[in-house]
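What follows is the content of upload25.txt, which has compact mmCIF, N, CA and C atoms:
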```txt
# COMPACT_ATOMS: atom_id res chain seq x y z
N MET A 91 0.84 -1.19 0.00
CA MET A 91 0.00 0.00 0.00
C MET A 91 0.88 1.24 0.00
N GLY A 92 0.49 2.23 -0.79
CA GLY A 92 1.23 3.48 -0.84
C GLY A 92 0.96 4.35 0.37
N ALA A 93 1.88 5.23 0.69
CA ALA A 93 1.77 6.07 1.89
C ALA A 93 0.55 6.98 1.82
N LYS A 94 0.28 7.57 0.67
CA LYS A 94 -0.82 8.52 0.58
C LYS A 94 -2.09 7.90 0.02
N ALA A 95 -1.98 6.97 -0.89
CA ALA A 95 -3.14 6.50 -1.63
C ALA A 95 -3.98 5.47 -0.88
N GLU A 96 -3.39 4.72 0.03
CA GLU A 96 -4.12 3.65 0.71
C GLU A 96 -3.79 3.62 2.20
N ILE A 97 -4.84 3.36 2.99
CA ILE A 97 -4.69 3.24 4.44
C ILE A 97 -5.44 1.99 4.85
N GLY A 98 -4.80 1.12 5.67
CA GLY A 98 -5.44 -0.12 6.08
C GLY A 98 -5.48 -0.29 7.58
N TRP A 99 -6.42 -1.12 8.04
CA TRP A 99 -6.57 -1.43 9.46
C TRP A 99 -7.31 -2.75 9.61
N THR A 100 -7.40 -3.25 10.83
CA THR A 100 -8.12 -4.49 11.13
C THR A 100 -9.32 -4.15 11.99
N ARG A 101 -10.45 -4.80 11.69
CA ARG A 101 -11.67 -4.59 12.45
C ARG A 101 -12.28 -5.94 12.81
N ARG A 102 -13.18 -5.96 13.77
CA ARG A 102 -13.86 -7.18 14.19
C ARG A 102 -15.35 -7.07 13.92
N THR A 103 -15.96 -8.21 13.59
CA THR A 103 -17.41 -8.26 13.45
C THR A 103 -18.04 -8.28 14.83
N ALA A 104 -19.35 -8.18 14.90
CA ALA A 104 -20.06 -8.24 16.19
C ALA A 104 -19.81 -9.59 16.87
N GLU A 105 -19.55 -10.61 16.07
CA GLU A 105 -19.28 -11.95 16.62
C GLU A 105 -17.82 -12.13 17.03
N GLY A 106 -16.97 -11.13 16.75
CA GLY A 106 -15.58 -11.20 17.17
C GLY A 106 -14.60 -11.68 16.11
N ALA A 107 -15.08 -11.97 14.89
CA ALA A 107 -14.18 -12.41 13.82
C ALA A 107 -13.42 -11.20 13.26
N LYS A 108 -12.12 -11.36 13.03
CA LYS A 108 -11.30 -10.27 12.51
C LYS A 108 -11.33 -10.25 10.98
N PHE A 109 -11.23 -9.04 10.43
CA PHE A 109 -11.06 -8.89 8.99
C PHE A 109 -10.29 -7.60 8.71
N ASP A 110 -9.67 -7.56 7.55
CA ASP A 110 -8.87 -6.40 7.14
C ASP A 110 -9.73 -5.45 6.31
N VAL A 111 -9.47 -4.17 6.48
CA VAL A 111 -10.14 -3.13 5.71
C VAL A 111 -9.06 -2.21 5.17
N TYR A 112 -9.25 -1.73 3.95
CA TYR A 112 -8.39 -0.64 3.50
C TYR A 112 -9.20 0.35 2.68
N ALA A 113 -8.79 1.59 2.75
CA ALA A 113 -9.43 2.67 2.00
C ALA A 113 -8.41 3.19 1.00
N GLN A 114 -8.84 3.34 -0.23
CA GLN A 114 -7.97 3.81 -1.31
C GLN A 114 -8.44 5.19 -1.75
N HIS A 115 -7.52 6.13 -1.80
CA HIS A 115 -7.83 7.50 -2.21
C HIS A 115 -7.73 7.58 -3.72
N VAL A 116 -8.87 7.84 -4.37
CA VAL A 116 -8.91 7.95 -5.83
C VAL A 116 -9.57 9.27 -6.17
N GLY A 117 -8.80 10.18 -6.75
CA GLY A 117 -9.33 11.51 -7.04
C GLY A 117 -9.67 12.22 -5.74
N LYS A 118 -10.94 12.59 -5.58
CA LYS A 118 -11.36 13.26 -4.35
C LYS A 118 -12.21 12.35 -3.48
N GLN A 119 -12.24 11.05 -3.78
CA GLN A 119 -13.06 10.15 -2.98
C GLN A 119 -12.23 9.02 -2.40
N TRP A 120 -12.79 8.37 -1.40
CA TRP A 120 -12.18 7.20 -0.78
C TRP A 120 -13.03 5.98 -1.09
N ILE A 121 -12.39 4.90 -1.51
CA ILE A 121 -13.07 3.65 -1.82
C ILE A 121 -12.60 2.62 -0.80
N PHE A 122 -13.55 1.93 -0.17
CA PHE A 122 -13.25 0.99 0.90
C PHE A 122 -13.33 -0.46 0.41
N TYR A 123 -12.42 -1.30 0.93
CA TYR A 123 -12.37 -2.72 0.61
C TYR A 123 -12.18 -3.52 1.89
N ARG A 124 -12.56 -4.81 1.84
CA ARG A 124 -12.35 -5.68 2.99
C ARG A 124 -12.01 -7.08 2.52
N ARG A 125 -11.37 -7.84 3.43
CA ARG A 125 -11.12 -9.26 3.17
C ARG A 125 -11.03 -9.96 4.51
N GLU A 126 -11.45 -11.22 4.50
CA GLU A 126 -11.47 -12.02 5.73
C GLU A 126 -10.08 -12.57 6.07
N LYS A 127 -9.40 -13.10 5.06
CA LYS A 127 -8.09 -13.72 5.29
C LYS A 127 -7.10 -13.15 4.28
N ARG A 128 -5.83 -13.26 4.64
CA ARG A 128 -4.76 -12.67 3.84
C ARG A 128 -4.78 -13.14 2.38
N ASN A 129 -5.07 -14.39 2.11
CA ASN A 129 -4.99 -14.91 0.75
C ASN A 129 -6.29 -14.74 -0.04
N GLU A 130 -7.32 -14.13 0.55
CA GLU A 130 -8.57 -13.91 -0.15
C GLU A 130 -8.52 -12.59 -0.92
N PRO A 131 -9.31 -12.49 -1.98
CA PRO A 131 -9.32 -11.22 -2.74
C PRO A 131 -10.06 -10.13 -1.95
N TRP A 132 -9.69 -8.89 -2.22
CA TRP A 132 -10.36 -7.75 -1.59
C TRP A 132 -11.74 -7.59 -2.19
N GLN A 133 -12.73 -7.25 -1.35
CA GLN A 133 -14.10 -7.03 -1.81
C GLN A 133 -14.48 -5.57 -1.55
N LEU A 134 -15.13 -4.97 -2.52
CA LEU A 134 -15.57 -3.59 -2.41
C LEU A 134 -16.63 -3.46 -1.32
N ILE A 135 -16.52 -2.44 -0.48
CA ILE A 135 -17.56 -2.12 0.51
C ILE A 135 -18.34 -0.95 -0.10
N THR A 136 -19.56 -1.20 -0.53
CA THR A 136 -20.32 -0.17 -1.22
C THR A 136 -20.85 0.92 -0.28
N ASP A 137 -21.14 0.57 0.96
CA ASP A 137 -21.66 1.54 1.93
C ASP A 137 -20.92 1.36 3.25
N PRO A 138 -19.70 1.92 3.36
CA PRO A 138 -18.88 1.69 4.56
C PRO A 138 -19.58 2.19 5.82
N PRO A 139 -19.48 1.45 6.92
CA PRO A 139 -20.09 1.88 8.18
C PRO A 139 -19.30 3.04 8.80
N ILE A 140 -19.91 3.69 9.76
CA ILE A 140 -19.29 4.84 10.43
C ILE A 140 -17.95 4.46 11.05
N GLU A 141 -17.82 3.23 11.56
CA GLU A 141 -16.55 2.80 12.17
C GLU A 141 -15.39 2.92 11.19
N ASP A 142 -15.64 2.56 9.93
CA ASP A 142 -14.56 2.64 8.93
C ASP A 142 -14.23 4.10 8.59
N TRP A 143 -15.24 4.94 8.49
CA TRP A 143 -15.00 6.36 8.22
C TRP A 143 -14.21 7.01 9.35
N LEU A 144 -14.56 6.68 10.60
CA LEU A 144 -13.85 7.26 11.74
C LEU A 144 -12.41 6.76 11.82
N GLU A 145 -12.20 5.50 11.49
CA GLU A 145 -10.84 4.95 11.46
C GLU A 145 -10.02 5.65 10.38
N LEU A 146 -10.61 5.87 9.22
CA LEU A 146 -9.93 6.59 8.14
C LEU A 146 -9.60 8.01 8.59
N LEU A 147 -10.55 8.70 9.21
CA LEU A 147 -10.31 10.06 9.68
C LEU A 147 -9.16 10.10 10.68
N ASP A 148 -9.15 9.18 11.63
CA ASP A 148 -8.07 9.12 12.62
C ASP A 148 -6.71 8.91 11.93
N SER A 149 -6.67 7.99 10.98
CA SER A 149 -5.41 7.71 10.27
C SER A 149 -4.94 8.93 9.48
N VAL A 150 -5.86 9.61 8.81
CA VAL A 150 -5.48 10.78 8.02
C VAL A 150 -5.01 11.91 8.93
N GLN A 151 -5.66 12.08 10.09
CA GLN A 151 -5.22 13.11 11.03
C GLN A 151 -3.80 12.83 11.51
N ARG A 152 -3.51 11.58 11.83
CA ARG A 152 -2.15 11.24 12.28
C ARG A 152 -1.14 11.43 11.15
N ARG A 153 -1.51 11.08 9.93
CA ARG A 153 -0.60 11.23 8.80
C ARG A 153 -0.40 12.70 8.43
N ALA A 154 -1.44 13.50 8.58
CA ALA A 154 -1.30 14.94 8.29
C ALA A 154 -0.32 15.58 9.27
N ALA A 155 -0.33 15.13 10.51
CA ALA A 155 0.61 15.66 11.51
C ALA A 155 2.05 15.35 11.11
N ARG A 156 2.25 14.25 10.38
CA ARG A 156 3.59 13.89 9.92
C ARG A 156 3.83 14.33 8.47
N ARG A 157 2.92 15.15 7.96
CA ARG A 157 2.99 15.71 6.61
C ARG A 157 2.92 14.64 5.52
N LEU A 158 2.22 13.55 5.79
CA LEU A 158 2.03 12.52 4.78
C LEU A 158 0.71 12.72 4.03
N HIS A 159 -0.17 13.54 4.59
CA HIS A 159 -1.42 13.92 3.93
C HIS A 159 -1.60 15.41 4.07
N ARG A 160 -2.27 16.01 3.10
CA ARG A 160 -2.55 17.44 3.18
C ARG A 160 -3.65 17.67 4.21
N PRO A 161 -3.57 18.74 4.99
CA PRO A 161 -4.57 19.01 6.03
C PRO A 161 -6.00 19.11 5.49
N GLU A 162 -6.17 19.60 4.25
CA GLU A 162 -7.53 19.73 3.72
C GLU A 162 -8.20 18.37 3.47
N GLU A 163 -7.42 17.31 3.38
CA GLU A 163 -8.02 15.97 3.21
C GLU A 163 -8.84 15.61 4.45
N GLU A 164 -8.38 16.01 5.62
CA GLU A 164 -9.13 15.79 6.86
C GLU A 164 -10.50 16.45 6.77
N ASP A 165 -10.56 17.68 6.25
CA ASP A 165 -11.83 18.39 6.11
C ASP A 165 -12.76 17.69 5.13
N ARG A 166 -12.20 17.16 4.03
CA ARG A 166 -13.02 16.43 3.05
C ARG A 166 -13.63 15.17 3.67
N ILE A 167 -12.84 14.47 4.48
CA ILE A 167 -13.36 13.25 5.12
C ILE A 167 -14.44 13.61 6.13
N LYS A 168 -14.22 14.67 6.90
CA LYS A 168 -15.25 15.11 7.86
C LYS A 168 -16.55 15.46 7.14
N LYS A 169 -16.45 16.12 5.99
CA LYS A 169 -17.64 16.46 5.22
C LYS A 169 -18.34 15.19 4.73
N SER A 170 -17.58 14.22 4.27
CA SER A 170 -18.17 12.95 3.83
C SER A 170 -18.91 12.27 4.97
N ILE A 171 -18.31 12.30 6.16
CA ILE A 171 -18.95 11.69 7.33
C ILE A 171 -20.25 12.43 7.66
N ARG A 172 -20.20 13.76 7.68
CA ARG A 172 -21.41 14.55 7.99
C ARG A 172 -22.51 14.29 6.96
N ASP A 173 -22.13 14.18 5.68
CA ASP A 173 -23.12 13.94 4.62
C ASP A 173 -23.78 12.57 4.77
N ARG A 174 -22.99 11.55 5.14
CA ARG A 174 -23.51 10.17 5.24
C ARG A 174 -24.15 9.88 6.59
N PHE A 175 -23.62 10.49 7.65
CA PHE A 175 -24.08 10.22 9.02
C PHE A 175 -24.33 11.55 9.73
N PRO A 176 -25.45 12.24 9.40
CA PRO A 176 -25.68 13.57 9.97
C PRO A 176 -25.79 13.58 11.50
N GLU A 177 -26.10 12.45 12.09
CA GLU A 177 -26.25 12.38 13.55
C GLU A 177 -24.91 12.32 14.28
N VAL A 178 -23.82 12.09 13.56
CA VAL A 178 -22.49 11.95 14.18
C VAL A 178 -21.79 13.31 14.17
N LYS A 179 -21.25 13.68 15.32
CA LYS A 179 -20.49 14.92 15.44
C LYS A 179 -19.00 14.64 15.24
N VAL A 180 -18.42 15.29 14.23
CA VAL A 180 -16.97 15.14 13.99
C VAL A 180 -16.29 16.50 14.00
```
Can I see the file as structure tokens?
Amino acid sequence: MGAKAEIGWTRRTAEGAKFDVYAQHVGKQWIFYRREKRNEPWQLITDPPIEDWLELLDSVQRRAARRLHRPEEEDRIKKSIRDRFPEVKV
């Protein structure tokens, strides 16, 4: 994964099963993917849950502090979260 274009993390289902998630920055949007095991193909997440958006925001904030992402990318992600999840305060 590239430093700016892709960010990955591990998440658990409600049942406790682990899976990998990554978000790819394409143009001005982020596309999310997931896979259960390392050797399985990545699957597109068409409607990422708030947990994935917040994880992406946290990662971009940390990377912006190290100058790996532009600060305005954080604002774009916050806007995406507000548009998709108006009840969440970011």
Which residues of region 135-173 of chain A come within 12 Å of region 107-128 of chain A, and what is each one's closest atom pair and distance in Å (one decimal), counting only C-alpha atoms, sorted by chain and residue number, as CSV?
```
residue,atom,partner,partner_atom,distance
A:Ile135,CA,A:Tyr123,CA,5.2
A:Thr136,CA,A:Phe122,CA,7.5
A:Asp137,CA,A:Phe122,CA,8.5
A:Pro138,CA,A:Phe122,CA,6.8
A:Pro139,CA,A:Phe122,CA,10.0
A:Ile140,CA,A:Phe122,CA,11.9
A:Glu141,CA,A:Val111,CA,10.9
A:Asp142,CA,A:Val111,CA,7.9
A:Trp143,CA,A:Ala113,CA,9.1
A:Leu144,CA,A:Ala113,CA,11.6
A:Glu145,CA,A:Ala113,CA,9.8
A:Leu146,CA,A:Ala113,CA,7.3
A:Leu147,CA,A:Ala113,CA,10.7
A:Ser149,CA,A:Ala113,CA,10.5
A:Val150,CA,A:Ala113,CA,10.8
A:His159,CA,A:His115,CA,11.0
A:Glu162,CA,A:Lys118,CA,11.0
A:Glu163,CA,A:Lys118,CA,8.7
A:Glu164,CA,A:Lys118,CA,11.7
A:Asp165,CA,A:Lys118,CA,11.7
A:Arg166,CA,A:Lys118,CA,8.2
A:Ile167,CA,A:Trp120,CA,8.5
A:Lys169,CA,A:Gln119,CA,11.3
A:Ser170,CA,A:Gln119,CA,9.0
A:Ile171,CA,A:Trp120,CA,11.5
```
Please give the complete set of residues from chain A that DSSP, run on the backbone, assigns to alpha helix (DSSP H), formatted as an mmCIF file with N, CA and C atoms, in the frame of the given file.
```cif
data_model
loop_
_atom_site.group_PDB
_atom_site.id
_atom_site.type_symbol
_atom_site.label_atom_id
_atom_site.label_comp_id
_atom_site.auth_asym_id
_atom_site.auth_seq_id
_atom_site.Cartn_x
_atom_site.Cartn_y
_atom_site.Cartn_z
ATOM 1 N N ILE A 140 -19.910 3.690 9.760
ATOM 2 C CA ILE A 140 -19.290 4.840 10.430
ATOM 3 C C ILE A 140 -17.950 4.460 11.050
ATOM 4 N N GLU A 141 -17.820 3.230 11.560
ATOM 5 C CA GLU A 141 -16.550 2.800 12.170
ATOM 6 C C GLU A 141 -15.390 2.920 11.190
ATOM 7 N N ASP A 142 -15.640 2.560 9.930
ATOM 8 C CA ASP A 142 -14.560 2.640 8.930
ATOM 9 C C ASP A 142 -14.230 4.100 8.590
ATOM 10 N N TRP A 143 -15.240 4.940 8.490
ATOM 11 C CA TRP A 143 -15.000 6.360 8.220
ATOM 12 C C TRP A 143 -14.210 7.010 9.350
ATOM 13 N N LEU A 144 -14.560 6.680 10.600
ATOM 14 C CA LEU A 144 -13.850 7.260 11.740
ATOM 15 C C LEU A 144 -12.410 6.760 11.820
ATOM 16 N N GLU A 145 -12.200 5.500 11.490
ATOM 17 C CA GLU A 145 -10.840 4.950 11.460
ATOM 18 C C GLU A 145 -10.020 5.650 10.380
ATOM 19 N N LEU A 146 -10.610 5.870 9.220
ATOM 20 C CA LEU A 146 -9.930 6.590 8.140
ATOM 21 C C LEU A 146 -9.600 8.010 8.590
ATOM 22 N N LEU A 147 -10.550 8.700 9.210
ATOM 23 C CA LEU A 147 -10.310 10.060 9.680
ATOM 24 C C LEU A 147 -9.160 10.100 10.680
ATOM 25 N N ASP A 148 -9.150 9.180 11.630
ATOM 26 C CA ASP A 148 -8.070 9.120 12.620
ATOM 27 C C ASP A 148 -6.710 8.910 11.930
ATOM 28 N N SER A 149 -6.670 7.990 10.980
ATOM 29 C CA SER A 149 -5.410 7.710 10.270
ATOM 30 C C SER A 149 -4.940 8.930 9.480
ATOM 31 N N VAL A 150 -5.860 9.610 8.810
ATOM 32 C CA VAL A 150 -5.480 10.780 8.020
ATOM 33 C C VAL A 150 -5.010 11.910 8.930
ATOM 34 N N GLN A 151 -5.660 12.080 10.090
ATOM 35 C CA GLN A 151 -5.220 13.110 11.030
ATOM 36 C C GLN A 151 -3.800 12.830 11.510
ATOM 37 N N ARG A 152 -3.510 11.580 11.830
ATOM 38 C CA ARG A 152 -2.150 11.240 12.280
ATOM 39 C C ARG A 152 -1.140 11.430 11.150
ATOM 40 N N ARG A 153 -1.510 11.080 9.930
ATOM 41 C CA ARG A 153 -0.600 11.230 8.800
ATOM 42 C C ARG A 153 -0.400 12.700 8.430
ATOM 43 N N ALA A 154 -1.440 13.500 8.580
ATOM 44 C CA ALA A 154 -1.300 14.940 8.290
ATOM 45 C C ALA A 154 -0.320 15.580 9.270
ATOM 46 N N ALA A 155 -0.330 15.130 10.510
ATOM 47 C CA ALA A 155 0.610 15.660 11.510
ATOM 48 C C ALA A 155 2.050 15.350 11.110
ATOM 49 N N PRO A 161 -3.570 18.740 4.990
ATOM 50 C CA PRO A 161 -4.570 19.010 6.030
ATOM 51 C C PRO A 161 -6.000 19.110 5.490
ATOM 52 N N GLU A 162 -6.170 19.600 4.250
ATOM 53 C CA GLU A 162 -7.530 19.730 3.720
ATOM 54 C C GLU A 162 -8.200 18.370 3.470
ATOM 55 N N GLU A 163 -7.420 17.310 3.380
ATOM 56 C CA GLU A 163 -8.020 15.970 3.210
ATOM 57 C C GLU A 163 -8.840 15.610 4.450
ATOM 58 N N GLU A 164 -8.380 16.010 5.620
ATOM 59 C CA GLU A 164 -9.130 15.790 6.860
ATOM 60 C C GLU A 164 -10.500 16.450 6.770
ATOM 61 N N ASP A 165 -10.560 17.680 6.250
ATOM 62 C CA ASP A 165 -11.830 18.390 6.110
ATOM 63 C C ASP A 165 -12.760 17.690 5.130
ATOM 64 N N ARG A 166 -12.200 17.160 4.030
ATOM 65 C CA ARG A 166 -13.020 16.430 3.050
ATOM 66 C C ARG A 166 -13.630 15.170 3.670
ATOM 67 N N ILE A 167 -12.840 14.470 4.480
ATOM 68 C CA ILE A 167 -13.360 13.250 5.120
ATOM 69 C C ILE A 167 -14.440 13.610 6.130
ATOM 70 N N LYS A 168 -14.220 14.670 6.900
ATOM 71 C CA LYS A 168 -15.250 15.110 7.860
ATOM 72 C C LYS A 168 -16.550 15.460 7.140
ATOM 73 N N LYS A 169 -16.450 16.120 5.990
ATOM 74 C CA LYS A 169 -17.640 16.460 5.220
ATOM 75 C C LYS A 169 -18.340 15.190 4.730
ATOM 76 N N SER A 170 -17.580 14.220 4.270
ATOM 77 C CA SER A 170 -18.170 12.950 3.830
ATOM 78 C C SER A 170 -18.910 12.270 4.970
ATOM 79 N N ILE A 171 -18.310 12.300 6.160
ATOM 80 C CA ILE A 171 -18.950 11.690 7.330
ATOM 81 C C ILE A 171 -20.250 12.430 7.660
ATOM 82 N N ARG A 172 -20.200 13.760 7.680
ATOM 83 C CA ARG A 172 -21.410 14.550 7.990
ATOM 84 C C ARG A 172 -22.510 14.290 6.960
ATOM 85 N N ASP A 173 -22.130 14.180 5.680
ATOM 86 C CA ASP A 173 -23.120 13.940 4.620
ATOM 87 C C ASP A 173 -23.780 12.570 4.770
ATOM 88 N N ARG A 174 -22.990 11.550 5.140
ATOM 89 C CA ARG A 174 -23.510 10.170 5.240
ATOM 90 C C ARG A 174 -24.150 9.880 6.590
#
```
For a test of reading the model, state the distance in Å between atom N of Arg101 (chain A) and atom C of Lys179 (chain A), rounded to one decimal.
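Between atom N of Arg101 (chain A) and atom C of Lys179 (chain A) the gap is 21.5 Å.
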Which residue of A:Glu177, A:Asp148, A:Ala154, A:Leu134 approaches Trp99 (chain A) most closely, using only C-alpha atoms:
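Checking each candidate against Trp99 (chain A), we get A:Asp148 as the closest.
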How many Å separate atom N of Thr103 (chain A) from atom N of Pro176 (chain A)?
22.9 Å
Mind pulling up the distance from atom N of Ile97 (chain A) to CA of Val178 (chain A)?
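Going from CA of Val178 (chain A) over to atom N of Ile97 (chain A) covers 22.6 Å.
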